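Below: structure.cif (mmCIF, C-alpha atoms)
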```
data_start
loop_
_atom_site.label_atom_id
_atom_site.label_comp_id
_atom_site.auth_asym_id
_atom_site.auth_seq_id
_atom_site.Cartn_x
_atom_site.Cartn_y
_atom_site.Cartn_z
CA MET A 17 12.46 -9.20 -4.19
CA SER A 18 12.74 -7.52 -0.81
CA ARG A 19 9.72 -7.05 1.40
CA VAL A 20 10.04 -3.27 1.12
CA SER A 21 10.02 -3.27 -2.70
CA VAL A 22 6.98 -5.58 -2.71
CA GLU A 23 5.21 -3.20 -0.32
CA LYS A 24 6.08 -0.24 -2.58
CA ARG A 25 4.58 -2.03 -5.58
CA ILE A 26 1.43 -2.93 -3.64
CA LEU A 27 1.06 0.68 -2.47
CA GLY A 28 1.66 1.97 -6.03
CA ARG A 29 -1.09 -0.24 -7.37
CA ASN A 30 -3.36 0.79 -4.49
CA ASP A 31 -2.83 4.48 -5.31
CA LEU A 32 -4.05 3.94 -8.88
CA VAL A 33 -7.25 2.28 -7.68
CA ALA A 34 -7.68 4.97 -4.99
CA ALA A 35 -7.50 7.67 -7.69
CA ALA A 36 -10.24 5.86 -9.64
CA ASN A 37 -12.34 5.63 -6.44
CA ARG A 38 -11.86 9.36 -5.85
CA GLU A 39 -13.26 10.11 -9.33
CA LYS A 40 -16.30 7.90 -8.66
CA PHE A 41 -16.90 9.56 -5.28
CA ASP A 42 -16.60 13.02 -6.90
CA ARG A 43 -19.04 12.03 -9.63
CA ALA A 44 -21.51 10.90 -6.95
CA GLY A 45 -21.05 14.26 -5.18
CA ALA A 46 -20.19 12.55 -1.90
CA TYR A 47 -17.83 13.67 0.82
CA VAL A 48 -15.94 10.56 1.94
CA VAL A 49 -14.30 9.98 5.31
CA ASN A 50 -12.12 7.04 6.35
CA LEU A 51 -12.49 6.30 10.08
CA ILE A 52 -9.37 4.75 11.59
CA SER A 53 -8.73 3.73 15.20
CA SER A 54 -7.71 0.93 17.54
CA PRO A 55 -10.20 -1.87 18.05
CA GLY A 56 -12.65 -0.79 20.70
CA SER A 57 -12.21 2.96 20.61
CA GLY A 58 -15.86 3.39 19.73
CA LYS A 59 -16.03 3.78 15.93
CA THR A 60 -19.25 1.79 15.55
CA THR A 61 -21.09 3.44 18.45
CA LEU A 62 -20.07 6.89 17.17
CA LEU A 63 -21.32 5.85 13.72
CA GLU A 64 -24.68 4.65 15.06
CA LYS A 65 -25.30 7.97 16.79
CA THR A 66 -23.94 9.99 13.85
CA LEU A 67 -26.14 8.21 11.29
CA ALA A 68 -29.26 8.60 13.42
CA ALA A 69 -28.60 12.30 14.03
CA LEU A 70 -27.80 13.08 10.38
CA SER A 71 -30.73 11.17 8.87
CA LYS A 72 -32.78 14.35 8.31
CA ARG A 73 -29.82 16.48 7.16
CA LEU A 74 -27.73 14.32 4.79
CA LYS A 75 -28.03 11.28 2.53
CA THR A 76 -25.46 8.98 4.06
CA ALA A 77 -24.07 5.51 3.36
CA VAL A 78 -21.49 3.34 5.10
CA ILE A 79 -18.80 0.89 4.04
CA GLU A 80 -18.01 -1.22 7.09
CA GLY A 81 -14.68 -3.07 7.28
CA ASP A 82 -13.91 -5.92 9.66
CA VAL A 83 -11.39 -8.74 9.83
CA GLU A 84 -14.17 -11.21 10.66
CA THR A 85 -17.98 -11.07 11.13
CA ASP A 86 -20.47 -8.58 9.72
CA ASN A 87 -21.92 -7.88 13.20
CA ASP A 88 -21.19 -4.16 12.94
CA ALA A 89 -22.78 -3.91 9.49
CA VAL A 90 -25.94 -5.56 10.85
CA ARG A 91 -25.89 -3.14 13.83
CA LEU A 92 -25.55 -0.11 11.53
CA ARG A 93 -28.25 -1.25 9.06
CA ALA A 94 -30.74 -0.86 11.92
CA THR A 95 -30.31 2.92 11.47
CA GLY A 96 -31.92 2.58 8.00
CA VAL A 97 -28.79 3.78 6.19
CA PRO A 98 -27.36 1.69 3.29
CA VAL A 99 -24.41 -0.33 4.60
CA GLU A 100 -22.03 -2.51 2.60
CA ALA A 101 -19.84 -4.89 4.63
CA ILE A 102 -16.25 -5.81 3.78
CA VAL A 103 -14.93 -8.84 5.67
CA THR A 104 -11.18 -8.86 5.01
CA GLY A 105 -10.70 -12.46 6.19
CA GLY A 106 -7.51 -11.73 8.10
CA ALA A 107 -6.16 -8.65 6.29
CA CYS A 108 -5.31 -5.88 8.73
CA HIS A 109 -6.54 -2.90 6.67
CA LEU A 110 -8.91 -1.95 3.87
CA ASP A 111 -7.38 -1.28 0.46
CA ALA A 112 -8.72 0.76 -2.44
CA SER A 113 -9.86 -2.27 -4.47
CA MET A 114 -12.03 -3.59 -1.61
CA VAL A 115 -13.61 -0.16 -1.20
CA GLY A 116 -14.11 0.30 -4.96
CA ARG A 117 -16.01 -3.01 -5.16
CA ALA A 118 -18.07 -2.17 -2.07
CA PHE A 119 -18.98 1.24 -3.52
CA THR A 120 -20.19 -0.43 -6.74
CA ASN A 121 -22.45 -2.65 -4.62
CA LEU A 122 -23.73 0.38 -2.69
CA LEU A 123 -24.63 2.46 -5.75
CA PRO A 124 -28.03 0.83 -6.44
CA LEU A 125 -28.99 1.69 -2.84
CA THR A 126 -28.11 5.37 -3.21
CA VAL A 127 -30.08 6.30 -6.33
CA ASP A 128 -31.68 9.23 -4.49
CA GLY A 129 -28.25 10.79 -4.03
CA LEU A 130 -25.35 10.54 -1.63
CA ASP A 131 -23.91 13.42 0.42
CA LEU A 132 -21.68 11.57 2.84
CA LEU A 133 -19.96 8.18 2.65
CA ILE A 134 -18.34 6.93 5.84
CA VAL A 135 -15.81 4.12 5.54
CA GLU A 136 -15.16 2.37 8.85
CA ASN A 137 -11.72 0.81 8.53
CA VAL A 138 -10.48 -2.33 10.29
CA GLY A 139 -9.65 -1.65 13.95
CA ASN A 140 -5.90 -1.02 13.72
CA LEU A 141 -3.85 2.08 14.46
CA VAL A 142 -0.93 1.14 12.23
CA CYS A 143 -1.58 -0.45 8.82
CA PRO A 144 -4.71 1.38 7.57
CA SER A 145 -2.96 4.77 7.60
CA ALA A 146 -0.68 3.67 4.72
CA PHE A 147 -3.55 2.86 2.33
CA ASP A 148 -5.34 5.62 0.42
CA LEU A 149 -8.92 4.51 -0.27
CA GLY A 150 -9.79 7.57 -2.36
CA GLU A 151 -11.36 9.31 0.65
CA ASN A 152 -11.45 13.09 1.10
CA GLU A 153 -10.28 12.88 4.69
CA LYS A 154 -8.94 10.40 7.19
CA VAL A 155 -10.48 10.69 10.66
CA ALA A 156 -8.44 9.31 13.57
CA LEU A 157 -10.42 8.17 16.61
CA VAL A 158 -8.79 7.79 19.99
CA SER A 159 -10.67 7.08 23.20
CA VAL A 160 -9.85 8.61 26.57
CA THR A 161 -9.31 5.10 27.95
CA GLU A 162 -6.29 4.59 25.66
CA GLY A 163 -3.59 6.81 27.15
CA GLU A 164 -2.34 10.27 26.24
CA ASP A 165 0.71 9.09 24.25
CA LYS A 166 -1.03 7.49 21.27
CA PRO A 167 -0.21 10.33 18.81
CA LEU A 168 3.52 10.03 19.65
CA LYS A 169 3.50 6.23 19.37
CA TYR A 170 1.44 6.08 16.15
CA PRO A 171 2.42 9.30 14.35
CA ALA A 172 1.75 8.01 10.81
CA LEU A 173 -2.02 8.05 11.38
CA PHE A 174 -2.09 11.41 13.15
CA LEU A 175 0.00 12.92 10.32
CA ALA A 176 -2.25 11.47 7.60
CA ALA A 177 -5.52 12.46 9.27
CA GLY A 178 -7.31 15.81 8.92
CA VAL A 179 -9.55 15.26 11.93
CA CYS A 180 -9.11 13.60 15.32
CA VAL A 181 -12.16 12.57 17.34
CA VAL A 182 -11.52 11.93 21.03
CA THR A 183 -14.25 9.50 22.14
CA LYS A 184 -15.76 8.28 25.44
CA ALA A 185 -15.33 11.69 27.10
CA ASP A 186 -18.08 10.74 29.60
CA LEU A 187 -15.54 8.37 31.24
CA LEU A 188 -13.04 11.16 32.05
CA PRO A 189 -14.14 11.50 35.71
CA HIS A 190 -13.34 7.81 36.29
CA LEU A 191 -9.87 7.78 34.69
CA ASP A 192 -6.35 9.01 35.41
CA PHE A 193 -6.37 10.69 32.02
CA ASP A 194 -4.87 14.07 31.13
CA LEU A 195 -6.87 15.48 28.18
CA ALA A 196 -4.56 18.52 27.91
CA ALA A 197 -1.57 16.16 27.52
CA LEU A 198 -3.34 14.24 24.74
CA THR A 199 -4.15 17.50 22.94
CA ALA A 200 -0.54 18.68 23.31
CA ASN A 201 0.69 15.37 21.86
CA ILE A 202 -1.75 15.67 18.95
CA ARG A 203 -0.52 19.23 18.27
CA ALA A 204 3.13 18.12 18.53
CA VAL A 205 2.60 15.55 15.74
CA ASN A 206 0.20 17.56 13.55
CA PRO A 207 -0.62 21.15 14.52
CA ALA A 208 -3.24 21.39 11.72
CA LEU A 209 -5.38 18.49 13.01
CA LYS A 210 -8.95 19.49 13.83
CA VAL A 211 -9.90 17.96 17.21
CA PHE A 212 -13.39 17.07 18.51
CA VAL A 213 -13.86 15.77 22.07
CA LEU A 214 -17.16 13.98 22.51
CA SER A 215 -19.19 11.18 24.05
CA ALA A 216 -21.47 9.26 21.69
CA ARG A 217 -23.15 7.79 24.79
CA THR A 218 -24.17 11.07 26.45
CA GLY A 219 -24.20 13.24 23.32
CA GLN A 220 -21.73 15.75 24.77
CA GLY A 221 -19.71 17.38 21.96
CA MET A 222 -21.68 15.56 19.22
CA GLU A 223 -23.19 18.71 17.67
CA GLU A 224 -19.77 20.14 16.71
CA TRP A 225 -18.80 16.87 15.03
CA LEU A 226 -22.13 16.60 13.18
CA GLY A 227 -21.93 20.24 12.12
CA TYR A 228 -18.47 19.63 10.72
CA LEU A 229 -19.67 16.68 8.60
CA VAL A 230 -22.66 18.65 7.31
CA SER A 231 -20.51 21.62 6.36
CA ARG A 232 -17.88 19.48 4.59
CA ALA A 233 -20.59 17.54 2.71
CA SER A 234 -22.25 20.84 1.66
CA GLU A 235 -18.96 22.09 0.19
CA ARG A 236 -18.98 19.17 -2.29
CA LYS A 237 -22.23 20.33 -3.90
CA MET B 9 5.19 -13.01 -7.10
CA SER B 10 1.82 -12.64 -5.41
CA ARG B 11 1.47 -10.89 -2.08
CA VAL B 12 0.33 -14.11 -0.45
CA SER B 13 3.37 -16.11 -1.59
CA VAL B 14 5.70 -13.32 -0.41
CA GLU B 15 3.96 -13.37 2.99
CA LYS B 16 4.36 -17.15 3.15
CA ARG B 17 8.09 -16.85 2.48
CA ILE B 18 8.46 -14.12 5.11
CA LEU B 19 6.57 -16.24 7.67
CA GLY B 20 8.67 -19.31 6.77
CA ARG B 21 11.88 -17.39 7.40
CA ASN B 22 10.41 -15.98 10.62
CA ASP B 23 9.60 -19.50 11.89
CA LEU B 24 13.25 -20.57 11.48
CA VAL B 25 14.47 -17.60 13.53
CA ALA B 26 11.71 -18.18 16.10
CA ALA B 27 12.89 -21.78 16.56
CA ALA B 28 16.44 -20.49 17.18
CA ASN B 29 15.06 -17.97 19.71
CA ARG B 30 13.15 -20.75 21.46
CA GLU B 31 16.39 -22.72 21.93
CA LYS B 32 18.12 -19.66 23.38
CA PHE B 33 15.22 -19.02 25.77
CA ASP B 34 15.25 -22.68 26.85
CA ARG B 35 18.98 -22.56 27.46
CA ALA B 36 18.49 -19.45 29.62
CA GLY B 37 15.76 -21.33 31.56
CA ALA B 38 13.26 -18.53 30.96
CA TYR B 39 9.51 -18.75 30.51
CA VAL B 40 8.65 -16.31 27.71
CA VAL B 41 5.31 -14.60 27.13
CA ASN B 42 4.32 -12.43 24.17
CA LEU B 43 1.76 -9.78 25.22
CA ILE B 44 -0.56 -8.76 22.39
CA SER B 45 -3.42 -6.27 22.44
CA SER B 46 -4.92 -3.16 20.88
CA PRO B 47 -3.14 0.12 21.54
CA GLY B 48 -4.31 1.46 24.88
CA SER B 49 -5.68 -1.69 26.45
CA GLY B 50 -3.25 -1.35 29.32
CA LYS B 51 -0.25 -3.59 28.49
CA THR B 52 2.35 -1.20 29.91
CA THR B 53 0.46 -0.40 33.12
CA LEU B 54 -0.15 -4.11 33.72
CA LEU B 55 3.56 -4.71 33.12
CA GLU B 56 4.62 -1.98 35.57
CA LYS B 57 2.49 -3.49 38.31
CA THR B 58 3.49 -7.06 37.40
CA LEU B 59 7.23 -6.31 37.44
CA ALA B 60 7.01 -4.49 40.77
CA ALA B 61 5.00 -7.29 42.38
CA LEU B 62 7.24 -10.09 41.04
CA SER B 63 10.57 -8.45 41.92
CA LYS B 64 11.04 -10.58 45.05
CA ARG B 65 9.75 -13.80 43.45
CA LEU B 66 11.25 -14.02 39.94
CA LYS B 67 14.18 -12.72 37.91
CA THR B 68 12.37 -10.92 35.12
CA ALA B 69 13.33 -8.99 31.97
CA VAL B 70 11.31 -7.18 29.32
CA ILE B 71 11.55 -6.68 25.57
CA GLU B 72 9.40 -3.66 24.76
CA GLY B 73 8.12 -3.15 21.20
CA ASP B 74 6.73 0.10 19.84
CA VAL B 75 6.20 1.61 16.40
CA GLU B 76 7.77 4.88 17.57
CA THR B 77 9.31 6.23 20.83
CA ASP B 78 10.94 4.31 23.67
CA ASN B 79 8.69 6.06 26.27
CA ASP B 80 7.33 2.75 27.55
CA ALA B 81 10.80 1.24 27.89
CA VAL B 82 11.89 4.26 29.95
CA ARG B 83 8.73 3.90 32.08
CA LEU B 84 9.41 0.20 32.70
CA ARG B 85 13.12 0.67 33.49
CA ALA B 86 11.99 2.65 36.54
CA THR B 87 10.93 -0.71 38.04
CA GLY B 88 14.62 -1.74 38.10
CA VAL B 89 14.06 -4.64 35.68
CA PRO B 90 16.30 -4.97 32.57
CA VAL B 91 14.38 -3.64 29.56
CA GLU B 92 15.44 -3.71 25.91
CA ALA B 93 13.47 -1.46 23.54
CA ILE B 94 12.58 -2.34 19.94
CA VAL B 95 11.36 0.63 17.89
CA THR B 96 9.97 -0.89 14.69
CA GLY B 97 9.93 2.42 12.79
CA GLY B 98 6.54 1.83 11.23
CA ALA B 99 6.29 -1.97 11.22
CA CYS B 100 3.03 -3.16 12.73
CA HIS B 101 4.35 -6.21 14.64
CA LEU B 102 7.50 -7.67 16.15
CA ASP B 103 9.22 -10.47 14.25
CA ALA B 104 11.55 -13.19 15.50
CA SER B 105 14.73 -11.47 14.20
CA MET B 106 13.98 -8.26 16.12
CA VAL B 107 13.37 -10.25 19.29
CA GLY B 108 16.48 -12.41 18.78
CA ARG B 109 18.69 -9.31 18.52
CA ALA B 110 17.01 -7.69 21.53
CA PHE B 111 17.54 -10.87 23.60
CA THR B 112 21.26 -10.84 22.72
CA ASN B 113 21.44 -7.25 24.00
CA LEU B 114 19.59 -8.23 27.20
CA LEU B 115 21.82 -11.19 28.07
CA PRO B 116 24.65 -9.19 29.72
CA LEU B 117 22.01 -7.66 32.03
CA THR B 118 20.68 -11.05 33.14
CA VAL B 119 23.89 -12.77 34.26
CA ASP B 120 22.29 -13.61 37.62
CA GLY B 121 19.65 -15.70 35.83
CA LEU B 122 16.34 -15.17 34.12
CA ASP B 123 13.05 -16.83 35.10
CA LEU B 124 10.56 -14.81 33.09
CA LEU B 125 10.92 -12.79 29.89
CA ILE B 126 7.94 -10.64 28.91
CA VAL B 127 7.78 -9.39 25.34
CA GLU B 128 5.38 -6.47 24.91
CA ASN B 129 4.36 -6.51 21.26
CA VAL B 130 3.33 -3.50 19.16
CA GLY B 131 -0.23 -2.39 19.96
CA ASN B 132 -2.18 -4.19 17.24
CA LEU B 133 -4.82 -6.91 17.48
CA VAL B 134 -4.24 -8.27 13.96
CA CYS B 135 -0.70 -8.58 12.61
CA PRO B 136 1.33 -9.69 15.69
CA SER B 137 -0.68 -12.90 16.07
CA ALA B 138 0.80 -14.28 12.81
CA PHE B 139 4.43 -13.98 13.94
CA ASP B 140 5.98 -16.60 16.23
CA LEU B 141 8.73 -14.93 18.29
CA GLY B 142 9.86 -18.16 19.94
CA GLU B 143 7.72 -17.47 23.02
CA ASN B 144 6.19 -20.18 25.21
CA GLU B 145 2.82 -18.51 25.27
CA LYS B 146 0.93 -15.66 23.65
CA VAL B 147 -1.14 -13.58 26.10
CA ALA B 148 -4.06 -11.62 24.62
CA LEU B 149 -5.09 -8.50 26.53
CA VAL B 150 -8.49 -6.94 26.07
CA SER B 151 -9.85 -4.10 28.16
CA VAL B 152 -13.45 -3.82 29.35
CA THR B 153 -13.70 -0.49 27.49
CA GLU B 154 -13.26 -2.25 24.12
CA GLY B 155 -16.56 -4.08 23.59
CA GLU B 156 -17.57 -7.68 24.12
CA ASP B 157 -17.18 -8.76 20.50
CA LYS B 158 -13.42 -8.51 20.12
CA PRO B 159 -12.78 -12.31 20.21
CA LEU B 160 -15.27 -12.81 17.34
CA LYS B 161 -13.82 -9.96 15.28
CA TYR B 162 -10.16 -10.86 15.85
CA PRO B 163 -10.26 -14.65 16.24
CA ALA B 164 -6.69 -15.28 15.02
CA LEU B 165 -5.21 -13.81 18.20
CA PHE B 166 -7.66 -15.53 20.55
CA LEU B 167 -6.96 -18.86 18.82
CA ALA B 168 -3.19 -18.44 19.01
CA ALA B 169 -3.16 -17.30 22.65
CA GLY B 170 -3.01 -19.54 25.71
CA VAL B 171 -4.10 -16.83 28.13
CA CYS B 172 -6.48 -13.88 27.94
CA VAL B 173 -6.18 -11.04 30.44
CA VAL B 174 -9.24 -8.80 30.72
CA THR B 175 -7.94 -5.43 31.96
CA LYS B 176 -9.39 -2.25 33.53
CA ALA B 177 -12.03 -4.21 35.48
CA ASP B 178 -12.28 -1.26 37.92
CA LEU B 179 -14.15 0.65 35.16
CA LEU B 180 -16.96 -1.92 34.89
CA PRO B 181 -19.41 0.08 37.06
CA HIS B 182 -19.11 3.04 34.66
CA LEU B 183 -19.61 1.11 31.41
CA ASP B 184 -22.40 -0.61 29.46
CA PHE B 185 -20.21 -3.70 29.32
CA ASP B 186 -21.35 -7.31 29.63
CA LEU B 187 -18.46 -9.33 31.06
CA ALA B 188 -20.39 -12.61 30.72
CA ALA B 189 -20.88 -11.91 27.00
CA LEU B 190 -17.14 -11.28 26.55
CA THR B 191 -16.33 -14.53 28.35
CA ALA B 192 -18.85 -16.42 26.23
CA ASN B 193 -17.28 -14.97 23.07
CA ILE B 194 -13.81 -15.95 24.26
CA ARG B 195 -15.04 -19.50 24.95
CA ALA B 196 -16.77 -19.67 21.55
CA VAL B 197 -13.47 -18.94 19.77
CA ASN B 198 -11.12 -20.89 22.07
CA PRO B 199 -12.61 -22.97 24.90
CA ALA B 200 -9.12 -23.77 26.25
CA LEU B 201 -8.12 -20.13 26.82
CA LYS B 202 -7.26 -19.37 30.46
CA VAL B 203 -8.95 -16.08 31.44
CA PHE B 204 -7.92 -13.59 34.13
CA VAL B 205 -10.08 -10.55 34.92
CA LEU B 206 -8.16 -7.83 36.74
CA SER B 207 -7.44 -4.16 37.34
CA ALA B 208 -3.79 -3.16 37.44
CA ARG B 209 -4.91 0.17 38.94
CA THR B 210 -6.75 -1.23 41.99
CA GLY B 211 -4.92 -4.57 42.19
CA GLN B 212 -8.17 -6.59 41.99
CA GLY B 213 -7.49 -9.98 40.37
CA MET B 214 -3.72 -9.36 40.15
CA GLU B 215 -2.73 -12.17 42.54
CA GLU B 216 -4.19 -14.90 40.28
CA TRP B 217 -2.29 -13.52 37.27
CA LEU B 218 0.98 -13.20 39.22
CA GLY B 219 0.55 -16.69 40.65
CA TYR B 220 0.07 -18.06 37.16
CA LEU B 221 3.32 -16.46 35.92
CA VAL B 222 5.25 -17.73 38.94
CA SER B 223 3.97 -21.27 38.49
CA ARG B 224 4.71 -21.34 34.74
CA ALA B 225 8.22 -19.93 35.32
CA SER B 226 8.85 -22.56 38.04
CA GLU B 227 7.91 -25.37 35.65
CA ARG B 228 10.82 -24.34 33.38
CA LYS B 229 13.42 -25.04 36.09
#
```
Output the file's structure as structure tokens, nothing else.
Amino acid sequence: MSRVSVEKRILGRNDLVAAANREKFDRAGAYVVNLISSPGSGKTTLLEKTLAALSKRLKTAVIEGDVETDNDAVRLRATGVPVEAIVTGGACHLDASMVGRAFTNLLPLTVDGLDLLIVENVGNLVCPSAFDLGENEKVALVSVTEGEDKPLKYPALFLAAGVCVVTKADLLPHLDFDLAALTANIRAVNPALKVFVLSARTGQGMEEWLGYLVSRASERK
Amino acid sequence: MSRVSVEKRILGRNDLVAAANREKFDRAGAYVVNLISSPGSGKTTLLEKTLAALSKRLKTAVIEGDVETDNDAVRLRATGVPVEAIVTGGACHLDASMVGRAFTNLLPLTVDGLDLLIVENVGNLVCPSAFDLGENEKVALVSVTEGEDKPLKYPALFLAAGVCVVTKADLLPHLDFDLAALTANIRAVNPALKVFVLSARTGQGMEEWLGYLVSRASERK
């Protein structure tokens, strides 16, 4: 069997489990986002600040994926939000089965309701974009330290995503980085992508991002 | 057939081609490095500066891997060094067959000799570390904007690599980044890893890295 046909079968099976996840998420009334980015573009720091800021507005939970260590899950639990860790043990992406099992483990912790579930995928700009987890929306993160050409070099993610968050905007004065060129490259790949430019460290641009999550979660009710 | 057994067969086949590549590289007398990092950690900028600085000291060529676009190959050709582009069309890593074909295409451009061949892998901290390309050494790049925990979260690469280059050191004054913690994490995963801390933008630390490449290439002669 060729590698491609094996991958097709794996993806076919994944889609079935993702559809079952989607039903479970719908039943729980949760809006579910799947955060995808390179390692180090600031997913976990953005999550920390997002969870703290939303604590009074939404019931939130997190599924936290990593190749090794549950350091990030421990870091996020300090916000008081229920966090379930997935350690993939080498696998380069989350799949729907991993997320389905993690959601089952989370359910007892969300008996008071769940408005927003954030899945933090493994740090990888390539493989995670091919795997539907049953989420409502994929969110692509790209930091201003990464170069303006990322959307052109990794189009699969920017095509699959509904939202792009540009992180670490506080570093712009210290970089040779052309934000207008990044935005043009995003638009060239996917003109419909909603773009937020923010700094989780300084808080600049955070309110628009938080407002977006609150409004999408409210639509599910 | 399970996914794992298919992956084992693919890796087995890859190892055979990698061994054939290694013989070809040896015959050419070239020292071959395989640069692996996240997207945006500065592989291409480091390469630009490295190629320019080495032009009088070594005969160098580049094999440039990307998921989409040959932008980086075009950028690197401006240095005057022979560059062969591999566009993987979605695949998340280079494999030995891709590199073997690219090396065959490069050979007519290196008739005056080849001391150093640099393979820039696809931007991905997970998948490329599992694929031997026939290189002499894997070089892991990590930028100071990425967080100190990357060696713990992606140990496979830091175990497989012989060298770690910490890039964008000029940004340290603007970041909450603990360089000593990164170094400790590197040492915890692989105490034998040789570490260079540098900024391709300002040139700080570049001479040690260049000197290392020159000395390793000389040993092959």
Go ahead and fit an axis-aligned box to every listed atom of region 174-192 of chain B plus 6 Å each side, and pass me the centre and edge lengths in Å, one decimal, as lines of an AutoDock Vina configuration file.
```
center_x = -15.2
center_y = -6.7
center_z = 32.1
size_x = 26.5
size_y = 31.5
size_z = 23.7
```
Of the residues B:Ala69, B:Ala60, B:Leu167, B:Ala36, which is the one nearest to Asn198 (chain B), using all atoms listed in the file?
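Smallest separation from Asn198 (chain B) among the options: B:Leu167.
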Quick check: residues of chain A within 8 Å of chain B, all atoms listed in the file, returned as number ranges by chain.
A: 19, 22, 54-58, 82-85, 106-108, 139-143, 161-163, 166, 168-172, 187, 190
Counting all atoms listed in the file, figure out which residue out of B:Gly108, B:Gly73, B:Gly219, B:Gly170 gets nearest to Asn129 (chain B).
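Among the listed residues, B:Gly73 lies closest to Asn129 (chain B).
Atom to atom, CA of Ala197 (chain A) and CA of Ala185 (chain A) stand 14.5 Å apart.
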Contacts of Glu235 (chain A) at 12 Å (all atoms listed in the file; same-chain gap of 6+ positions) as a VMD selection string
chain A and resid 42 45 to 47 131 to 132 152 228 to 229
As an exercise, work out the distance from CA of Arg109 (chain B) to CA of Arg35 (chain B) in Å and give it to one decimal place.
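Computing the Euclidean distance for CA of Arg109 (chain B) and CA of Arg35 (chain B) yields 16.0 Å.
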Surrounding residues of Arg91 (chain A) excluding itself and chain neighbours under 2 positions, 12 Å, only C-alpha atoms, as number ranges by chain:
A: 60-61, 63-65, 67, 78, 80, 85-89, 93-101
Contact residues around Ala26 (chain B) with only C-alpha atoms at 7 Å, ignoring same-chain residues under 5 positions, as a CSV table (one decimal) with C-alpha atoms, keeping the file's coordinate frame:
```csv
chain,number,residue,atom,x,y,z
B,104,ALA,CA,11.6,-13.2,15.5
B,140,ASP,CA,6.0,-16.6,16.2
B,141,LEU,CA,8.7,-14.9,18.3
B,142,GLY,CA,9.9,-18.2,19.9
```
Quick check, in Å to one decimal: how far apart do CA of Ala35 (chain A) and CA of Ile79 (chain A) lie?
17.6 Å
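Restricting the calculation to all atoms listed in the file, the smallest distance between Ile94 (chain B) and any of B:Lys51, B:Leu19, B:Glu128, B:Leu122 is found for B:Glu128.
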Counting all atoms listed in the file, write as a ChimeraX atom specification all protein and nucleic acid residues lying at most 9 Å from (-2.3, 15.0, 8.5) in the file's frame.
/A:154,172-179,205-209
B:Ser105, B:Ser207, B:Thr118, B:Thr191 ranked by distance to Leu24 (chain B), top pick (using only C-alpha atoms)
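With only C-alpha atoms as the atom set, the closest residue is B:Ser105.
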In file coordinates, which residues lie within 10 Å of (15.3, -14.0, 42.1) using all atoms listed in the file, given as a PDB file with C-alpha atoms, in the coordinates of the input?
```pdb
ATOM      1  CA  LEU B  62       7.240 -10.090  41.040  1.00  0.00           C
ATOM      2  CA  SER B  63      10.570  -8.450  41.920  1.00  0.00           C
ATOM      3  CA  LYS B  64      11.040 -10.580  45.050  1.00  0.00           C
ATOM      4  CA  ARG B  65       9.750 -13.800  43.450  1.00  0.00           C
ATOM      5  CA  LEU B  66      11.250 -14.020  39.940  1.00  0.00           C
ATOM      6  CA  LYS B  67      14.180 -12.720  37.910  1.00  0.00           C
ATOM      7  CA  THR B  68      12.370 -10.920  35.120  1.00  0.00           C
ATOM      8  CA  ASP B 120      22.290 -13.610  37.620  1.00  0.00           C
ATOM      9  CA  GLY B 121      19.650 -15.700  35.830  1.00  0.00           C
ATOM     10  CA  LEU B 122      16.340 -15.170  34.120  1.00  0.00           C
ATOM     11  CA  ASP B 123      13.050 -16.830  35.100  1.00  0.00           C
TER      12      ASP B 123
END
```
